Amino acid sequence: MAIDMQPESDRQPGREPGGREPDAPPPPARPWWRRPAVHTALAGAVIGYLLGHLLGNVIAGQYSQVVNSGQNDYAIVLGYVLGTLGWLAGLGVFSDLLRQMTGRPVHATEEARDASAGLARYFRYSLDHKVVGLQYLVGMIGFFLTGGLLAMAIRTELLSPSYHVFSSATYTAIVGEHGTMMMMMMSSLILGPLGNYLLPLMIGSKRMAFPRIEALSFWLTPAAYIVLLSGLMFGGFPFGWTGYAPLSVQATQGADAYAVAFGIMGISLILLGFNIIVTVICYRAPGMHWGRLPIFVWAMLTTSFLMVLAAPVLVGAMYMLITDRTVQTAFFTDDLGGSSYLWENLFWFFGHPEVYILALPGFGVVSEILPVFCRKPLFGYKVAAAGMVGVTLLSFFVWQHHLFDSGINPDMRPVFMLTTELISIPTGFIFLVAMGTFWKAKIRFTVPMLFALGFYFNFLIGGISGVYLSDVPADTTEHGTFFVMAHFHYTIMGGLIFAFMAGLYYWLPKMMGIRLNQTLGKIHFWTMFVFFNATFLPLFAVGMAGQPRRVYTYARSLETLNDWVSISSFLLGVSILIFVFNFVYSTVIARVHEEGNPWNSRGLEWQVSSPPPPGNFARVPVVLSGPYEYGVKDAPPVADLDPPLGVISNAYAAAAAEGAEV
Amino acid sequence: MPAADGTVADGAGRPEPNHGLRIFLLWLPVALVADLLIWFVWGPHLPPGAMSTSAATQQSAIKIMSVMAAPVMALVLVYGAYALVVWRHREGDDEDGPPIHGNTRVSVTWIGVTSVIVLSLAVFGTVELAGPAGAGAGEGNTPIWRPSGGTPLQVQVIGQQWRWTYRYPQFGGFETTSLMLPVGENVQFNITSLDVIHSFWAYQLGVKADANPDINNVAYTKPEHTGQVQVRCAELCGLWHADMTTVGQVVSLSAFNAWTATARTQLAALTKELPPYTLTYDPNAVAQLGKVFQKAGLSGAGGGFYGSQYPVQP
Ligand code: HEM
Ligand SMILES: [Cu+2]
Ligand SMILES: [Cu+2]
């Protein structure tokens with residue numbers, strides 16, 4: 001309780017998180033180029049990289065294995081790590097910390113906030129959750145487009161089994177960059193932008209729990225992105241996104257980029273999840289008890305638990321890989337006492353929760369949107385929340401289904417088969433909830449709703465194909481083929497990305513006060529839906545017919561199918577460009593303002609103006625009823641946005657007294 | 001909690017049709033036709049065919065799962081289509097829908113039915129895995145599910161960047177790049193690697209098992225028809241992963257015996273140079289052999305693509 005009382009008498013501007021005391025003198029203004037922002041961060045990154053590189057050469061320049069292979073992994077790894085630290089230092093991440101440690105008044109980051117209204121604050125280390133949300137949004141779209149461009153390159157090469165646009169090495173590098181870019185960056189696709197922006201609004205809080213951690217989690221993502229892409233300068237890495245050792249130990253420097261980037265992103269995920277967990281638990285407005293929490297918030301909470309519990313394993317594994325590649329620790333080298341199985345276990349112990357990190361936020365977004373456009377309460381709210389919790393728990397007990405043919409623990413395969421099939425029960429709840437909500441509904445086919453419906457269609461196929469993979473005999477044919485590839489694109493591209501689009505069309509009016517063009521939105525939806533399915537449905541057949549994953553060439557008999565898939569995927573790319581056009585056109589050129597509650601939603605976030613005022617709520621609201629009471633006669637309003645003085649402190653006093661009695 | 005069975009008349013006085021029954025009647029033929037098609041028309045052609053016992057097991061697993069999945073999928077799709085058509089918003093209707101928060105009976109039924117399906121699938125998968133000796137999947141070093149009957153034919157599969165070689169320990173341990181198997185005999189593959197992880201995938205035989213360095217991974221099958229077998233690598237192993245393909249043969253027992261006899265004598269000189277047959281090989285020792293092979297103009301595992309102490313991508 002003591003963490004954040006948010007006293008309601010706090011009507012005049014008080015001390016904001018990390019801010020100066022109200023009566024402290026304002027910090028002296030500095031010229032813009034001396035204030036920390038992206039340009040100083042870049043300078044810091046370059047200096048850090050050069051320092052690290054130098055250090056690496058000093059330490060390891062003479063080592064024989066360095067000379068033998070003409071490479072120095074020490075220099076590159078240290079360059080990346082110090083470069084990242086320099087990037088953060090240049091942003092001013094450490095300034096407040098140093099000031100506090102040396103007893104000086106804290107103002108560096110606050111200066112950035114005060115003095116940079118307008119666009120400039122989006123390029124600074126901002127502590128405002130609404131700024132961070134939009135930073136994340138633009139970043140994530142950029143990362144997704146980069147990954148998508150690489151996907152187009154993959155499909156270009158696969159147009160022909162015999163004529164090669166790329167060499168085998170380049171092709172493998174592109175597949176690895178695409179897979180890793182998508183898997184590591186898209187983990188925050190929904191929680192980063194929509195989560196950071198909307199969570200406080202949805203639970204009636206003025207802010208996230210840890211504004212500095214929130215900003216740090218975002219500013220690590222561009223660092224991870226640049227480090228990962230820089231791997232291409234060394235020829236990329238030849239082991240896909242899974243990085244199986246000992247291939248990843250023997251590979252050239254591109255592998256350092258993979259390990260460091262994935263590690264940085266792992267840290268970002270831990271920070272993001274940790275902040276969300278604390279915010280949900282401690283920052284709910286009075287009356288926002290667990291039974292009233294919007295279902296999207298349940299999804300964020302469970303995803304965050306997955307992040308903080310799974311990502312540390314990833315960071316540890318990447319660290320081991322780095323030491324294997326540099327100081328020859330041999331964690332993963334069989335003939336030196338290590339084990340290639342160790343990597344497989346560590347990686348998938350992270351990797352399977354990771355796929356639910358990608359799936360759960362999508363469940364949350366579509367379940368949140370459904371009641372609004374069905375004009376009905378969410379069917380089985382408790383079932384939906386329980387399903388998410390069930391998925392979260394079970395997802396830590398299924399990882400060896402990726403290793404059915406590996407020879408690890410073969411006697412345990414029935415157990416992992418069972419746990420994997422069990423997880424489809426709570427996953428199935430989202431369909432129960434959706435079908436129940438449709439019952440006698442008044443379905444409105446708005447753009448967000450279309451994307452949500454597309455999500456259910458795609459995820460149905462993705463989920464059912466997953467059951468095939470959970471069965472060991474069937475998986476023996478399907479493992480390592482394009483069948484798997486089609487399966488996880490159905491759950492991620494067809495699930496996560498569709499849900500993200502649904503959320504974006506739904507919440508952008510809230511976040512920017514601007515509506516995306518609905519006609520373009522419909523065109524975007526239909527092209528994306530049709531060409532997504534045209535691209536990935538045939539790939540189930542391609543895989544079953546025997547085409548392994550990650551191959552630059554394939555059997556001639558599969559050329560027609562592959563051509564069909566490639567052409568569909570280019571059209572899918574065009575559909576994404578329509579989205580980009582719509583996004584830019586609507587937010588920069590047309591700017592159709594949408595201030596109120598365009599969807600007539602009962603969500604708490606819609607009860608304030610769009611975009612919300614600084615601090616979100618003038619007073620801490622008192623939540624009066626659940627968010628899905630559509631059609632309920634005499635349902636009270638969602639919240640009292642201007643509760644009478646004394647209500648909250650009395651409530652807390654009563655609770656405190658109760659606590660004291662027990 | 002209002003009943004969700006659709007028998008209640010709505011406020012307008014028009015009797016509400018029985019939606020549940022309608023959806024059921026729409027669903028039933030779709031599910032039936034889909035299942036019949038899967039079982040009789042599609043089933044016999046499903047991959048990976050029925051050339052061996054393990055392939056047949058996999059084919060029947062895929063078939064049975066499809067038969068179970070089709071009605072579930074049909075239910076969701078038929079229900080969804082019905083909902084989108086019947087319960088779409090009509091122009092001028094500004095009312096909200098009925099405030100149904102949930103229905104315990106429906107939820108419990110759903111959870112019960114999905115649990116039964118899922119648990120029976122798990123039992124089914126376990127039976128299919130144990131029955132035909134591991135269903136062609138890699139079973140590690142100490143397989144618990146073995147074929148009954150006498151000693152199976154042993155074939156060692158050695159993966160390396162980027163090709164497959166095979167050793168036949170019961171025939172003097174000769175080593176060759178061609179995979180030859182007799183029809184109607186149990187086969188035991190011992191799969192290992194000399195460098196990184198590969199995955200031995202004999203498509204028509206329905207055999208897939210990872211080749212890990214320093215590890216012996218066992219998989220069983222029993223070819224039941226003669227013919228060609230497409231061998232590929234199913235685990236990314238570096239630059240020429242896509243090219244680790246060969247074609248194996250399943251031939252009659254007499255043809256197989258003739259082949260082993262010839263191969264054994266023809267390869268005798270090479271077999272002498274080979275390290276003695278073991279389940280795994282020390283990559284450092286094997287790499288030396290590459291030079292011997294190259295001098296003799298022979299091919300064998302350990303073609304000397306690189307020194308393995310600090311392996312580097314060529
Ligand atoms: C824009 C649409 C997309 C297309 C056309 C596409 C296409 C492809 C293709 C063709 C491959 C297979 C390469 C191969 O195995 O040879 C692939 C691999 C992969 N994709 Fe995508 N993809 C798309 C979006 C996504 C998204 C949104 C994600 C995840 C967030 C994703 C994650 C992956 C992963 C993890 C791999 C595996 C890489 C590996 O084998 O290591 N893709 N993609
Ligand atoms: Cu998994
Ligand atoms: Cu391979």
# chains A, B, ... in the order shown; residues from 1 in each chain; ligands from 1
>>> interface_residues(of="chain B", to="chain A", cutoff="6 Å", atoms="only C-alpha atoms", output="number ranges by chain")
B: 58, 61-62, 87-89, 96-99, 101-102, 118, 122, 125-126, 135, 137-140, 196, 208-210, 217, 234, 238-239, 242, 311-313
>>> closest_atom_pairs(of="chain B", to="ligand 3", cutoff="8 Å", atoms="only C-alpha atoms and all ligand atoms", output="CSV")
residue,atom,partner,partner_atom_place_in_ligand_line,distance
B:Gln161,CA,ligand 3,1 (Cu),7.6
B:Trp162,CA,ligand 3,1 (Cu),7.1
B:Ile197,CA,ligand 3,1 (Cu),7.5
B:His198,CA,ligand 3,1 (Cu),4.8
B:Ser199,CA,ligand 3,1 (Cu),6.4
B:Arg232,CA,ligand 3,1 (Cu),7.8
B:Cys233,CA,ligand 3,1 (Cu),4.4
B:Ala234,CA,ligand 3,1 (Cu),5.7
B:Glu235,CA,ligand 3,1 (Cu),4.6
B:Leu236,CA,ligand 3,1 (Cu),4.3
B:Cys237,CA,ligand 3,1 (Cu),4.0
B:Gly238,CA,ligand 3,1 (Cu),6.7
B:Trp240,CA,ligand 3,1 (Cu),7.4
B:His241,CA,ligand 3,1 (Cu),3.9
B:Ala242,CA,ligand 3,1 (Cu),6.6
B:Met244,CA,ligand 3,1 (Cu),6.4
>>> closest_residue(among="A:Phe451, A:Phe483, A:Phe397, A:Phe570", to="ligand 2", atoms="only C-alpha atoms and all ligand atoms")
A:Phe397
>>> atom_distance(atom1="atom 5 (C, counted along the ligand's line) of ligand 1", atom2="CA of Gly148 in chain A")
6.7 Å
>>> residues_around(residues="Ile215 in chain B", least_positions_apart="4", cutoff="9 Å", atoms="only C-alpha atoms", output="VMD selection string")
(chain A and resid 334 407) or (chain B and resid 140 to 141 191 to 193 211 279 to 281)
>>> select_by_dssp(residues="range 33-177 of chain A", states="alpha helix (DSSP H)", output="number ranges by chain")
A: 38-60, 64-68, 73-91, 95-101, 108-115, 129-157, 168-177
>>> write_last_selection(atoms="C-alpha atoms", output="tab-separated table (two decimals), in the first residue's frame")
chain	number	residue	atom	x	y	z
A	38	VAL	CA	19.66	10.76	-29.89
A	39	HIS	CA	22.64	12.67	-31.31
A	40	THR	CA	24.63	12.53	-28.07
A	41	ALA	CA	23.62	8.89	-27.74
A	42	LEU	CA	25.03	8.13	-31.17
A	43	ALA	CA	28.25	9.89	-30.27
A	44	GLY	CA	28.41	7.87	-27.08
A	45	ALA	CA	27.82	4.66	-29.01
A	46	VAL	CA	30.63	5.36	-31.45
A	47	ILE	CA	33.06	6.28	-28.69
A	48	GLY	CA	32.05	3.22	-26.70
A	49	TYR	CA	32.46	0.90	-29.67
A	50	LEU	CA	35.90	2.23	-30.50
A	51	LEU	CA	36.98	1.92	-26.88
A	52	GLY	CA	35.70	-1.62	-26.63
A	53	HIS	CA	37.33	-2.61	-29.89
A	54	LEU	CA	40.63	-1.19	-28.76
A	55	LEU	CA	40.35	-2.95	-25.42
A	56	GLY	CA	39.58	-6.26	-27.13
A	57	ASN	CA	42.63	-5.96	-29.33
A	58	VAL	CA	44.79	-5.15	-26.35
A	59	ILE	CA	43.51	-8.18	-24.45
A	60	ALA	CA	43.38	-10.72	-27.24
A	64	SER	CA	46.59	-17.76	-31.78
A	65	GLN	CA	42.99	-18.63	-32.48
A	66	VAL	CA	42.39	-15.01	-33.24
A	67	VAL	CA	45.20	-15.06	-35.74
A	68	ASN	CA	44.18	-18.40	-37.21
A	73	ASP	CA	35.64	-11.86	-31.22
A	74	TYR	CA	36.88	-10.14	-28.07
A	75	ALA	CA	37.19	-6.80	-29.81
A	76	ILE	CA	33.79	-7.09	-31.41
A	77	VAL	CA	31.91	-8.23	-28.33
A	78	LEU	CA	33.53	-5.58	-26.16
A	79	GLY	CA	32.85	-3.01	-28.86
A	80	TYR	CA	29.16	-3.92	-28.88
A	81	VAL	CA	28.85	-3.92	-25.12
A	82	LEU	CA	30.69	-0.67	-24.50
A	83	GLY	CA	28.97	0.83	-27.52
A	84	THR	CA	25.59	0.03	-25.96
A	85	LEU	CA	26.68	1.50	-22.66
A	86	GLY	CA	27.95	4.59	-24.48
A	87	TRP	CA	24.61	4.90	-26.26
A	88	LEU	CA	22.79	4.84	-22.93
A	89	ALA	CA	25.26	7.23	-21.31
A	90	GLY	CA	24.86	9.63	-24.22
A	91	LEU	CA	21.11	9.56	-23.67
A	95	SER	CA	23.21	11.14	-15.25
A	96	ASP	CA	20.55	11.11	-12.55
A	97	LEU	CA	22.05	8.03	-11.01
A	98	LEU	CA	25.47	9.64	-10.81
A	99	ARG	CA	23.99	12.85	-9.49
A	100	GLN	CA	22.14	11.00	-6.78
A	101	MET	CA	25.24	9.06	-5.85
A	108	ALA	CA	19.23	16.03	-16.12
A	109	THR	CA	16.36	13.87	-17.33
A	110	GLU	CA	13.86	16.31	-16.04
A	111	GLU	CA	15.48	19.02	-18.05
A	112	ALA	CA	14.87	16.87	-21.07
A	113	ARG	CA	11.22	16.64	-20.17
A	114	ASP	CA	10.60	20.26	-19.30
A	115	ALA	CA	12.50	21.91	-22.04
A	129	HIS	CA	4.72	6.72	-20.34
A	130	LYS	CA	2.77	8.25	-23.21
A	131	VAL	CA	5.95	9.41	-24.89
A	132	VAL	CA	7.60	6.04	-24.38
A	133	GLY	CA	4.53	4.31	-25.79
A	134	LEU	CA	4.72	6.30	-29.00
A	135	GLN	CA	8.49	5.85	-29.20
A	136	TYR	CA	7.93	2.13	-28.94
A	137	LEU	CA	5.20	2.29	-31.57
A	138	VAL	CA	7.35	3.93	-34.20
A	139	GLY	CA	10.33	1.77	-33.29
A	140	MET	CA	8.38	-1.47	-33.49
A	141	ILE	CA	6.87	-0.58	-36.86
A	142	GLY	CA	10.37	0.15	-38.12
A	143	PHE	CA	11.73	-3.15	-36.82
A	144	PHE	CA	8.81	-5.02	-38.33
A	145	LEU	CA	9.36	-3.40	-41.71
A	146	THR	CA	13.04	-4.31	-41.62
A	147	GLY	CA	12.20	-7.91	-40.85
A	148	GLY	CA	9.53	-7.88	-43.53
A	149	LEU	CA	11.99	-6.60	-46.13
A	150	LEU	CA	14.29	-9.51	-45.28
A	151	ALA	CA	11.31	-11.87	-45.70
A	152	MET	CA	10.80	-10.51	-49.20
A	153	ALA	CA	14.44	-11.30	-49.93
A	154	ILE	CA	13.92	-14.86	-48.69
A	155	ARG	CA	10.94	-15.37	-50.95
A	156	THR	CA	12.81	-13.88	-53.91
A	157	GLU	CA	15.53	-16.49	-53.58
A	168	SER	CA	23.81	-19.97	-50.10
A	169	ALA	CA	25.74	-18.07	-47.42
A	170	THR	CA	23.87	-14.83	-48.04
A	171	TYR	CA	20.55	-16.66	-48.06
A	172	THR	CA	21.26	-18.32	-44.72
A	173	ALA	CA	22.34	-14.99	-43.30
A	174	ILE	CA	19.10	-13.37	-44.46
A	175	VAL	CA	16.95	-16.12	-42.96
A	176	GLY	CA	18.81	-15.78	-39.69
A	177	GLU	CA	18.45	-12.00	-39.62
>>> closest_atom_pairs(of="chain A", to="ligand 2", cutoff="10 Å", atoms="only C-alpha atoms and all ligand atoms", output="JSON lines")
{"residue": "A:Trp348", "atom": "CA", "partner": "ligand 2", "partner_atom_place_in_ligand_line": "1 (Cu)", "distance": 6.9}
{"residue": "A:Phe349", "atom": "CA", "partner": "ligand 2", "partner_atom_place_in_ligand_line": "1 (Cu)", "distance": 8.6}
{"residue": "A:Phe350", "atom": "CA", "partner": "ligand 2", "partner_atom_place_in_ligand_line": "1 (Cu)", "distance": 9.2}
{"residue": "A:Gly351", "atom": "CA", "partner": "ligand 2", "partner_atom_place_in_ligand_line": "1 (Cu)", "distance": 6.5}
{"residue": "A:His352", "atom": "CA", "partner": "ligand 2", "partner_atom_place_in_ligand_line": "1 (Cu)", "distance": 3.9}
{"residue": "A:Pro353", "atom": "CA", "partner": "ligand 2", "partner_atom_place_in_ligand_line": "1 (Cu)", "distance": 7.3}
{"residue": "A:Glu354", "atom": "CA", "partner": "ligand 2", "partner_atom_place_in_ligand_line": "1 (Cu)", "distance": 8.3}
{"residue": "A:Val355", "atom": "CA", "partner": "ligand 2", "partner_atom_place_in_ligand_line": "1 (Cu)", "distance": 6.8}
{"residue": "A:Tyr356", "atom": "CA", "partner": "ligand 2", "partner_atom_place_in_ligand_line": "1 (Cu)", "distance": 8.6}
{"residue": "A:Ser395", "atom": "CA", "partner": "ligand 2", "partner_atom_place_in_ligand_line": "1 (Cu)", "distance": 7.9}
{"residue": "A:Phe396", "atom": "CA", "partner": "ligand 2", "partner_atom_place_in_ligand_line": "1 (Cu)", "distance": 9.3}
{"residue": "A:Phe397", "atom": "CA", "partner": "ligand 2", "partner_atom_place_in_ligand_line": "1 (Cu)", "distance": 9.5}
{"residue": "A:Val398", "atom": "CA", "partner": "ligand 2", "partner_atom_place_in_ligand_line": "1 (Cu)", "distance": 6.4}
{"residue": "A:Trp399", "atom": "CA", "partner": "ligand 2", "partner_atom_place_in_ligand_line": "1 (Cu)", "distance": 5.2}
{"residue": "A:Gln400", "atom": "CA", "partner": "ligand 2", "partner_atom_place_in_ligand_line": "1 (Cu)", "distance": 7.4}
{"residue": "A:His401", "atom": "CA", "partner": "ligand 2", "partner_atom_place_in_ligand_line": "1 (Cu)", "distance": 6.2}
{"residue": "A:His402", "atom": "CA", "partner": "ligand 2", "partner_atom_place_in_ligand_line": "1 (Cu)", "distance": 5.8}
{"residue": "A:Leu403", "atom": "CA", "partner": "ligand 2", "partner_atom_place_in_ligand_line": "1 (Cu)", "distance": 9.4}
{"residue": "A:Thr420", "atom": "CA", "partner": "ligand 2", "partner_atom_place_in_ligand_line": "1 (Cu)", "distance": 8.2}
{"residue": "A:Gly466", "atom": "CA", "partner": "ligand 2", "partner_atom_place_in_ligand_line": "1 (Cu)", "distance": 9.4}
{"residue": "A:Leu469", "atom": "CA", "partner": "ligand 2", "partner_atom_place_in_ligand_line": "1 (Cu)", "distance": 9.7}
{"residue": "A:Ser470", "atom": "CA", "partner": "ligand 2", "partner_atom_place_in_ligand_line": "1 (Cu)", "distance": 9.1}
{"residue": "A:Phe488", "atom": "CA", "partner": "ligand 2", "partner_atom_place_in_ligand_line": "1 (Cu)", "distance": 9.8}
>>> residues_around(residues="Phe500 in chain A", least_positions_apart="5", cutoff="8 Å", atoms="only C-alpha atoms", output="ChimeraX atom specification")
/A:189-190,362,365
>>> decode(residues="range 151-221 of chain B", atoms="C-alpha atoms", output="compact mmCIF listing (two decimals), in the first residue's frame")
# COMPACT_ATOMS: atom_id res chain seq x y z
CA THR B 151 18.96 -58.52 -34.10
CA PRO B 152 18.10 -55.77 -36.54
CA LEU B 153 20.34 -54.73 -39.40
CA GLN B 154 22.62 -52.01 -38.08
CA VAL B 155 23.44 -48.98 -40.16
CA GLN B 156 25.53 -46.20 -38.77
CA VAL B 157 24.73 -42.78 -40.19
CA ILE B 158 27.55 -40.25 -39.91
CA GLY B 159 26.67 -36.63 -40.54
CA GLN B 160 29.27 -34.04 -41.27
CA GLN B 161 29.42 -30.71 -43.04
CA TRP B 162 27.96 -31.41 -45.63
CA ARG B 163 27.24 -35.01 -46.45
CA TRP B 164 26.10 -38.33 -45.13
CA THR B 165 28.16 -41.52 -44.96
CA TYR B 166 27.00 -44.93 -43.79
CA ARG B 167 28.83 -47.76 -42.04
CA TYR B 168 27.62 -51.34 -41.92
CA PRO B 169 29.18 -52.85 -38.76
CA GLN B 170 27.69 -56.30 -39.32
CA PHE B 171 29.52 -56.55 -42.66
CA GLY B 172 33.03 -55.77 -41.55
CA GLY B 173 32.32 -52.10 -40.90
CA PHE B 174 32.80 -50.82 -44.42
CA GLU B 175 31.88 -47.25 -45.08
CA THR B 176 30.05 -45.88 -48.11
CA THR B 177 28.12 -42.88 -49.30
CA SER B 178 25.20 -44.93 -50.59
CA LEU B 179 22.37 -46.06 -48.36
CA MET B 180 21.14 -49.54 -49.21
CA LEU B 181 18.51 -51.41 -47.19
CA PRO B 182 16.78 -54.78 -47.54
CA VAL B 183 13.00 -54.97 -47.60
CA GLY B 184 11.21 -56.70 -44.74
CA GLU B 185 14.04 -56.50 -42.21
CA ASN B 186 14.18 -54.42 -39.05
CA VAL B 187 16.76 -51.67 -39.39
CA GLN B 188 18.54 -49.90 -36.56
CA PHE B 189 20.07 -46.57 -37.48
CA ASN B 190 22.85 -45.31 -35.22
CA ILE B 191 23.14 -41.65 -35.98
CA THR B 192 26.05 -39.44 -34.99
CA SER B 193 27.92 -36.41 -36.24
CA LEU B 194 31.52 -35.37 -36.64
CA ASP B 195 31.01 -31.64 -36.26
CA VAL B 196 27.76 -29.73 -35.73
CA ILE B 197 24.16 -30.87 -35.31
CA HIS B 198 22.52 -32.36 -38.40
CA SER B 199 19.29 -34.26 -38.66
CA PHE B 200 19.05 -37.46 -40.66
CA TRP B 201 15.75 -37.47 -42.49
CA ALA B 202 14.84 -40.42 -44.70
CA TYR B 203 11.53 -39.08 -45.97
CA GLN B 204 9.81 -42.18 -47.35
CA LEU B 205 10.98 -44.30 -44.43
CA GLY B 206 9.55 -41.82 -41.94
CA VAL B 207 12.84 -41.66 -40.06
CA LYS B 208 14.11 -38.46 -38.51
CA ALA B 209 16.82 -38.28 -35.89
CA ASP B 210 19.31 -35.57 -34.99
CA ALA B 211 22.98 -36.25 -35.54
CA ASN B 212 24.81 -34.72 -32.59
CA PRO B 213 28.56 -34.78 -32.16
CA ASP B 214 29.68 -37.29 -29.54
CA ILE B 215 26.18 -38.75 -29.25
CA ASN B 216 24.70 -41.94 -30.61
CA ASN B 217 21.04 -41.43 -31.51
CA VAL B 218 19.10 -44.59 -32.39
CA ALA B 219 16.06 -44.87 -34.66
CA TYR B 220 14.25 -47.98 -35.91
CA THR B 221 12.23 -48.75 -38.96
